[in-house]
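Undergrad: Got a file for you: entry06.cif, mmCIF, C-alpha atoms.
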```cif
data_entry
#
loop_
_atom_site.group_PDB
_atom_site.id
_atom_site.type_symbol
_atom_site.label_atom_id
_atom_site.label_comp_id
_atom_site.auth_asym_id
_atom_site.auth_seq_id
_atom_site.Cartn_x
_atom_site.Cartn_y
_atom_site.Cartn_z
ATOM 1 C CA MET A 1 -9.335 5.762 18.404
ATOM 2 C CA SER A 2 -7.002 3.479 16.460
ATOM 3 C CA TRP A 3 -6.611 3.525 12.691
ATOM 4 C CA THR A 4 -8.914 0.850 11.246
ATOM 5 C CA ALA A 5 -8.643 -1.174 8.059
ATOM 6 C CA THR A 6 -11.914 -2.792 7.015
ATOM 7 C CA VAL A 7 -11.481 -5.392 4.286
ATOM 8 C CA LEU A 8 -14.269 -6.821 2.147
ATOM 9 C CA THR A 9 -13.198 -10.106 0.579
ATOM 10 C CA LEU A 10 -14.434 -13.476 -0.626
ATOM 11 C CA PHE A 11 -11.459 -15.069 1.138
ATOM 12 C CA PRO A 12 -11.397 -13.809 4.734
ATOM 13 C CA SER A 13 -9.093 -16.649 5.780
ATOM 14 C CA MET A 14 -6.267 -14.872 3.905
ATOM 15 C CA PHE A 15 -6.181 -12.255 6.680
ATOM 16 C CA PRO A 16 -4.360 -11.140 8.726
ATOM 17 C CA GLY A 17 -1.618 -13.148 7.002
ATOM 18 C CA PRO A 18 1.653 -11.174 6.925
ATOM 19 C CA LEU A 19 -0.080 -8.254 8.652
ATOM 20 C CA ASP A 20 0.221 -10.246 11.868
ATOM 21 C CA ALA A 21 4.031 -10.363 11.729
ATOM 22 C CA SER A 22 6.870 -8.104 12.870
ATOM 23 C CA LEU A 23 6.249 -4.444 13.728
ATOM 24 C CA ILE A 24 2.894 -4.340 11.922
ATOM 25 C CA GLY A 25 1.508 -7.235 13.945
ATOM 26 C CA GLN A 26 2.958 -5.866 17.173
ATOM 27 C CA ALA A 27 1.307 -2.515 16.496
ATOM 28 C CA ARG A 28 -2.055 -4.246 16.104
ATOM 29 C CA GLU A 29 -1.546 -6.085 19.389
ATOM 30 C CA ARG A 30 -0.828 -2.739 21.061
ATOM 31 C CA GLY A 31 -4.020 -1.236 19.665
ATOM 32 C CA ILE A 32 -2.371 1.296 17.338
ATOM 33 C CA TRP A 33 -4.473 -0.067 14.485
ATOM 34 C CA SER A 34 -7.228 -2.624 14.040
ATOM 35 C CA LEU A 35 -8.333 -4.978 11.282
ATOM 36 C CA ALA A 36 -11.927 -5.903 10.457
ATOM 37 C CA VAL A 37 -12.394 -8.570 7.788
ATOM 38 C CA ARG A 38 -15.852 -9.106 6.284
ATOM 39 C CA ASP A 39 -16.963 -11.878 3.966
ATOM 40 C CA ILE A 40 -18.644 -10.482 0.845
ATOM 41 C CA ARG A 41 -20.457 -13.804 0.414
ATOM 42 C CA GLU A 42 -22.602 -13.016 3.461
ATOM 43 C CA HIS A 43 -24.460 -10.676 1.112
ATOM 44 C CA GLY A 44 -24.713 -13.204 -1.714
ATOM 45 C CA ILE A 45 -27.980 -13.922 -3.505
ATOM 46 C CA GLY A 46 -30.152 -16.956 -2.790
ATOM 47 C CA ARG A 47 -29.464 -20.256 -1.087
ATOM 48 C CA HIS A 48 -26.028 -20.566 -2.654
ATOM 49 C CA ARG A 49 -24.967 -17.015 -1.742
ATOM 50 C CA THR A 50 -24.176 -16.158 -5.374
ATOM 51 C CA VAL A 51 -21.907 -13.135 -5.736
ATOM 52 C CA ASP A 52 -21.181 -13.079 -9.480
ATOM 53 C CA ASP A 53 -22.817 -13.441 -12.890
ATOM 54 C CA THR A 54 -21.886 -13.544 -16.572
ATOM 55 C CA PRO A 55 -20.669 -10.277 -18.143
ATOM 56 C CA ALA A 56 -23.232 -8.193 -20.003
ATOM 57 C CA GLY A 57 -22.342 -8.167 -23.686
ATOM 58 C CA GLY A 58 -20.563 -11.511 -23.435
ATOM 59 C CA GLY A 59 -16.965 -12.371 -22.834
ATOM 60 C CA PRO A 60 -14.906 -14.652 -20.597
ATOM 61 C CA GLY A 61 -15.148 -15.073 -16.860
ATOM 62 C CA MET A 62 -17.621 -13.704 -14.358
ATOM 63 C CA VAL A 63 -18.337 -10.276 -12.865
ATOM 64 C CA MET A 64 -19.060 -9.447 -9.227
ATOM 65 C CA ARG A 65 -22.644 -8.226 -8.895
ATOM 66 C CA ALA A 66 -23.356 -4.583 -8.025
ATOM 67 C CA ASP A 67 -26.135 -5.425 -5.575
ATOM 68 C CA VAL A 68 -23.898 -7.807 -3.633
ATOM 69 C CA ALA A 69 -20.914 -5.457 -3.555
ATOM 70 C CA CYS A 70 -23.002 -2.447 -2.520
ATOM 71 C CA ALA A 71 -24.696 -4.397 0.269
ATOM 72 C CA ALA A 72 -21.268 -5.379 1.591
ATOM 73 C CA VAL A 73 -19.992 -1.792 1.417
ATOM 74 C CA ASP A 74 -23.095 -0.409 3.134
ATOM 75 C CA ALA A 75 -22.893 -2.933 5.969
ATOM 76 C CA ALA A 76 -19.195 -2.224 6.496
ATOM 77 C CA ARG A 77 -19.526 1.552 6.423
ATOM 78 C CA GLY A 78 -22.073 1.598 9.212
ATOM 79 C CA ASP A 79 -21.733 4.868 11.099
ATOM 80 C CA ASN A 80 -18.592 5.928 9.202
ATOM 81 C CA PRO A 81 -19.839 7.057 5.780
ATOM 82 C CA GLU A 82 -16.905 9.452 5.343
ATOM 83 C CA ILE A 83 -14.160 6.815 5.587
ATOM 84 C CA PRO A 84 -12.249 6.477 2.265
ATOM 85 C CA ALA A 85 -13.637 3.518 0.306
ATOM 86 C CA LEU A 86 -11.218 1.930 -2.155
ATOM 87 C CA TYR A 87 -11.482 -0.762 -4.787
ATOM 88 C CA LEU A 88 -8.169 -2.509 -5.521
ATOM 89 C CA SER A 89 -7.937 -2.653 -9.308
ATOM 90 C CA PRO A 90 -5.112 -2.794 -11.902
ATOM 91 C CA ARG A 91 -6.841 -0.001 -13.807
ATOM 92 C CA GLY A 92 -6.870 2.273 -10.754
ATOM 93 C CA THR A 93 -4.801 5.338 -9.957
ATOM 94 C CA PRO A 94 -1.219 4.240 -9.176
ATOM 95 C CA LEU A 95 -0.512 4.219 -5.466
ATOM 96 C CA ASN A 96 2.366 6.399 -4.293
ATOM 97 C CA GLN A 97 3.848 7.474 -0.982
ATOM 98 C CA SER A 98 1.955 10.758 -0.987
ATOM 99 C CA ARG A 99 -1.390 8.964 -1.184
ATOM 100 C CA VAL A 100 -0.251 6.471 1.467
ATOM 101 C CA SER A 101 0.546 9.355 3.811
ATOM 102 C CA ALA A 102 -2.896 10.841 3.218
ATOM 103 C CA PHE A 103 -4.601 7.498 3.846
ATOM 104 C CA ALA A 104 -2.574 7.012 7.029
ATOM 105 C CA SER A 105 -3.799 10.410 8.251
ATOM 106 C CA SER A 106 -7.440 9.391 7.844
ATOM 107 C CA PRO A 107 -9.382 7.418 10.490
ATOM 108 C CA GLY A 108 -8.890 4.295 8.387
ATOM 109 C CA LEU A 109 -9.823 2.670 5.082
ATOM 110 C CA LEU A 110 -12.541 0.504 3.607
ATOM 111 C CA LEU A 111 -10.954 -1.839 1.064
ATOM 112 C CA LEU A 112 -12.979 -3.884 -1.413
ATOM 113 C CA CYS A 113 -11.007 -6.792 -2.863
ATOM 114 C CA GLY A 114 -12.184 -7.792 -6.314
ATOM 115 C CA ARG A 115 -12.131 -11.241 -7.909
ATOM 116 C CA PHE A 116 -13.239 -12.753 -11.226
ATOM 117 C CA GLU A 117 -13.071 -10.477 -14.293
ATOM 118 C CA GLY A 118 -13.960 -7.417 -12.263
ATOM 119 C CA LEU A 119 -16.696 -5.540 -10.435
ATOM 120 C CA ASP A 120 -19.923 -4.225 -11.953
ATOM 121 C CA GLN A 121 -19.172 -0.566 -12.743
ATOM 122 C CA ARG A 122 -22.457 0.484 -11.155
ATOM 123 C CA ALA A 123 -21.146 -0.514 -7.728
ATOM 124 C CA ILE A 124 -18.091 1.699 -8.215
ATOM 125 C CA ASP A 125 -20.222 4.623 -9.362
ATOM 126 C CA ALA A 126 -23.044 4.219 -6.834
ATOM 127 C CA ARG A 127 -20.790 3.988 -3.783
ATOM 128 C CA GLY A 128 -18.078 6.390 -4.940
ATOM 129 C CA LEU A 129 -15.307 3.800 -4.731
ATOM 130 C CA GLU A 130 -11.857 5.086 -5.625
ATOM 131 C CA GLU A 131 -9.908 2.616 -7.752
ATOM 132 C CA ILE A 132 -6.311 2.132 -6.599
ATOM 133 C CA SER A 133 -3.558 0.109 -8.297
ATOM 134 C CA ILE A 134 -0.316 -1.048 -6.693
ATOM 135 C CA GLY A 135 1.381 -1.581 -10.064
ATOM 136 C CA ASP A 136 1.074 -2.351 -13.746
ATOM 137 C CA PHE A 137 0.393 -6.052 -13.344
ATOM 138 C CA VAL A 138 -2.628 -8.264 -12.650
ATOM 139 C CA LEU A 139 -3.234 -10.395 -9.553
ATOM 140 C CA ALA A 140 -5.858 -13.085 -9.033
ATOM 141 C CA GLY A 141 -7.638 -10.807 -6.557
ATOM 142 C CA GLY A 142 -7.309 -7.659 -4.505
ATOM 143 C CA GLU A 143 -6.269 -9.268 -1.227
ATOM 144 C CA ILE A 144 -2.490 -9.047 -1.691
ATOM 145 C CA ALA A 145 -2.853 -5.463 -2.912
ATOM 146 C CA ALA A 146 -4.962 -4.622 0.148
ATOM 147 C CA MET A 147 -2.311 -6.082 2.452
ATOM 148 C CA ALA A 148 0.394 -4.021 0.761
ATOM 149 C CA LEU A 149 -1.626 -0.832 1.106
ATOM 150 C CA ILE A 150 -2.484 -1.532 4.740
ATOM 151 C CA GLU A 151 1.147 -2.210 5.659
ATOM 152 C CA ALA A 152 2.304 0.940 3.870
ATOM 153 C CA CYS A 153 -0.193 2.985 5.905
ATOM 154 C CA VAL A 154 0.323 1.308 9.268
ATOM 155 C CA ARG A 155 4.100 1.769 9.279
ATOM 156 C CA LEU A 156 3.496 5.544 9.122
ATOM 157 C CA LEU A 157 1.296 5.599 12.229
ATOM 158 C CA PRO A 158 2.920 7.127 15.325
ATOM 159 C CA GLY A 159 4.597 4.517 17.503
ATOM 160 C CA VAL A 160 4.891 1.787 14.874
ATOM 161 C CA LEU A 161 8.454 2.217 13.600
ATOM 162 C CA GLY A 162 11.291 1.591 16.018
ATOM 163 C CA CYS A 163 13.007 4.816 14.916
ATOM 164 C CA GLU A 164 10.648 7.611 13.923
ATOM 165 C CA ALA A 165 13.412 9.322 11.914
ATOM 166 C CA SER A 166 13.719 6.336 9.576
ATOM 167 C CA GLY A 167 10.407 7.119 7.919
ATOM 168 C CA ALA A 168 11.647 10.544 6.848
ATOM 169 C CA GLN A 169 14.799 9.194 5.180
ATOM 170 C CA GLU A 170 13.415 6.405 3.000
ATOM 171 C CA SER A 171 12.521 6.166 -0.673
ATOM 172 C CA PHE A 172 9.995 8.683 -2.058
ATOM 173 C CA GLU A 173 9.797 10.907 1.045
ATOM 174 C CA GLU A 174 11.793 13.646 -0.706
ATOM 175 C CA GLY A 175 10.949 12.575 -4.234
ATOM 176 C CA LEU A 176 14.074 10.420 -4.487
ATOM 177 C CA LEU A 177 14.918 6.751 -4.171
ATOM 178 C CA GLU A 178 16.785 5.874 -1.003
ATOM 179 C CA TYR A 179 20.582 5.848 -0.873
ATOM 180 C CA PRO A 180 22.506 2.534 -0.426
ATOM 181 C CA HIS A 181 22.963 1.090 3.065
ATOM 182 C CA TYR A 182 25.956 -0.691 4.614
ATOM 183 C CA THR A 183 26.799 -2.327 7.936
ATOM 184 C CA ARG A 184 29.466 -4.634 9.415
ATOM 185 C CA PRO A 185 31.649 -6.369 8.412
ATOM 186 C CA ALA A 186 33.746 -3.559 6.950
ATOM 187 C CA GLU A 187 34.880 -5.894 4.145
ATOM 188 C CA PHE A 188 32.792 -8.626 2.532
ATOM 189 C CA GLU A 189 34.021 -10.780 -0.371
ATOM 190 C CA GLY A 190 36.427 -8.058 -1.417
ATOM 191 C CA LEU A 191 33.788 -5.303 -1.213
ATOM 192 C CA GLU A 192 34.360 -2.538 1.327
ATOM 193 C CA ILE A 193 32.074 -0.016 2.977
ATOM 194 C CA PRO A 194 32.614 3.383 1.295
ATOM 195 C CA SER A 195 35.219 5.208 3.366
ATOM 196 C CA VAL A 196 33.103 8.349 3.727
ATOM 197 C CA LEU A 197 30.587 6.400 5.816
ATOM 198 C CA LEU A 198 33.326 5.500 8.279
ATOM 199 C CA SER A 199 34.776 9.018 8.430
ATOM 200 C CA GLY A 200 32.565 10.422 11.152
ATOM 201 C CA HIS A 201 32.046 13.614 9.108
ATOM 202 C CA HIS A 202 28.272 13.953 9.161
ATOM 203 C CA ALA A 203 28.080 16.727 6.571
ATOM 204 C CA GLU A 204 30.171 14.697 4.132
ATOM 205 C CA ILE A 205 28.058 11.612 4.783
ATOM 206 C CA ALA A 206 24.882 13.599 4.130
ATOM 207 C CA ARG A 207 26.287 14.930 0.853
ATOM 208 C CA TRP A 208 27.357 11.427 -0.217
ATOM 209 C CA ARG A 209 23.929 9.992 0.546
ATOM 210 C CA ARG A 210 22.157 12.784 -1.324
ATOM 211 C CA ALA A 211 24.395 12.297 -4.348
ATOM 212 C CA LYS A 212 23.790 8.544 -4.362
ATOM 213 C CA ALA A 213 20.027 9.013 -3.988
ATOM 214 C CA GLU A 214 20.002 11.438 -6.891
ATOM 215 C CA ALA A 215 22.127 9.149 -9.075
ATOM 216 C CA LEU A 216 19.921 6.125 -8.363
ATOM 217 C CA THR A 217 16.740 8.074 -9.078
ATOM 218 C CA ARG A 218 18.114 9.552 -12.295
ATOM 219 C CA THR A 219 19.149 6.093 -13.545
ATOM 220 C CA ARG A 220 16.305 3.879 -12.343
ATOM 221 C CA ARG A 221 13.319 6.213 -12.240
ATOM 222 C CA PRO A 222 13.617 8.997 -14.820
ATOM 223 C CA ASP A 223 9.943 9.790 -14.214
ATOM 224 C CA LEU A 224 10.654 10.607 -10.550
ATOM 225 C CA TRP A 225 13.847 12.441 -11.473
ATOM 226 C CA SER A 226 11.967 14.702 -13.852
ATOM 227 C CA LEU A 227 9.462 15.599 -11.133
ATOM 228 C CA TYR A 228 12.272 16.145 -8.623
ATOM 229 C CA GLU A 229 14.090 18.537 -10.927
ATOM 230 C CA THR A 230 10.884 20.450 -11.587
ATOM 231 C CA ARG A 231 10.138 20.856 -7.872
ATOM 232 C CA ARG A 232 13.587 22.113 -6.967
ATOM 233 C CA GLY A 233 13.332 24.712 -9.688
#
```
Show how you would write the structure in this file as structure tokens.

TA:
Amino acid sequence: MSWTATVLTLFPSMFPGPLDASLIGQARERGIWSLAVRDIREHGIGRHRTVDDTPAGGGPGMVMRADVACAAVDAARGDNPEIPALYLSPRGTPLNQSRVSAFASSPGLLLLCGRFEGLDQRAIDARGLEEISIGDFVLAGGEIAAMALIEACVRLLPGVLGCEASGAQESFEEGLLEYPHYTRPAEFEGLEIPSVLLSGHHAEIARWRRAKAEALTRTRRPDLWSLYETRRG
């Protein structure tokens, strides 16, 4: 069976969007993964399919109702109650490559995209939704975050990347940022490709790339560098 992303959203027309392009879209056409998009408003209340209400205790904006959200989650889960169910939220656990790898190894994901001021906490608690954040910033809704998470997972599925080795040499796979890349022309606006990369000495190239990856990580991501140093003892 293919890896399946099930998305619950108030704006289903946003999908597949960029997920239909390049290698990710080609992989979906080949059946490596599938996308199911469900409209949360189908579970709205009353004639107007209401999905939100004013926040208890007062305050700005509106809050997505627990009964509506839970009905949407239950309908989407169907016969797969064990599939990871995530709520895209800026207050969630920060997403990293390790979690992406774990999600990609599962049968798929159920992704609830929030809107308004947030989701009634009772829906999160009652359905065991894990809150995931893609960064310390706020979006208008969870759809873009869901797309980012889906793409990160899909590119790890067997047969998606053109070169399987490329996935093992990119940022975060060894706890480091990726080393710089170069290609032709050999000289561009006075800038040349580092001579070691043209030497043909693979061991020297590997050492150069490792040194550059370490230097970049130490400078740009001291948090990652600290973890890296701890792991290597």

Undergrad: Determine the residue membership of the PyMOL selection byres ((chain A and resi 6-19) around 8) for the file above and supply it as a list in words.

TA: Thr4, Ala5, Asp20, Ala21, Ile24, Gly25, Leu35, Ala36, Val37, Arg38, Asp39, Ile40, Arg41, Ala72, Val73, Ala76, Gly108, Leu109, Leu110, Leu111, Leu112, Cys113, Gly114, Arg115, Glu143, Ala146, Met147 and Glu151 of chain A

Undergrad: Counting all atoms listed in the file, which of A:Leu176, A:Ala140, A:Ala104, A:Ala123 gets nearest to Pro222 in chain A?

TA: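 Smallest separation from Pro222 in chain A among the options: A:Leu176.
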
Undergrad: Where's the centre, and what are the edge lengths in Å to one decimal, of a box along x, y and z enclosing all listed atoms of range 112-131 of chain A padded 6 Å per side, as lines of an AutoDock Vina configuration file?

TA:
```
center_x = -16.5
center_y = -3.2
center_z = -7.9
size_x = 25.1
size_y = 31.1
size_z = 24.9
```

Undergrad: Expanded to explicit residues, what is the PyMOL selection byres ((chain A and resi 210) around 12) for this file, as a PyMOL selection string?

TA: chain A and resi 169-171+174-180+203-209+211-217

Undergrad: Report, in Å with one decimal, the straight-line distance from CA of Gly58 in chain A to CA of Gly44 in chain A.

TA: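 Distance between the two atoms: 22.2 Å.
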
Undergrad: Quick one: of A:Leu198, A:Leu224, A:Leu191, A:Val154, who's nearest to Ala27 in chain A, counting all atoms listed in the file?

TA: A:Val154
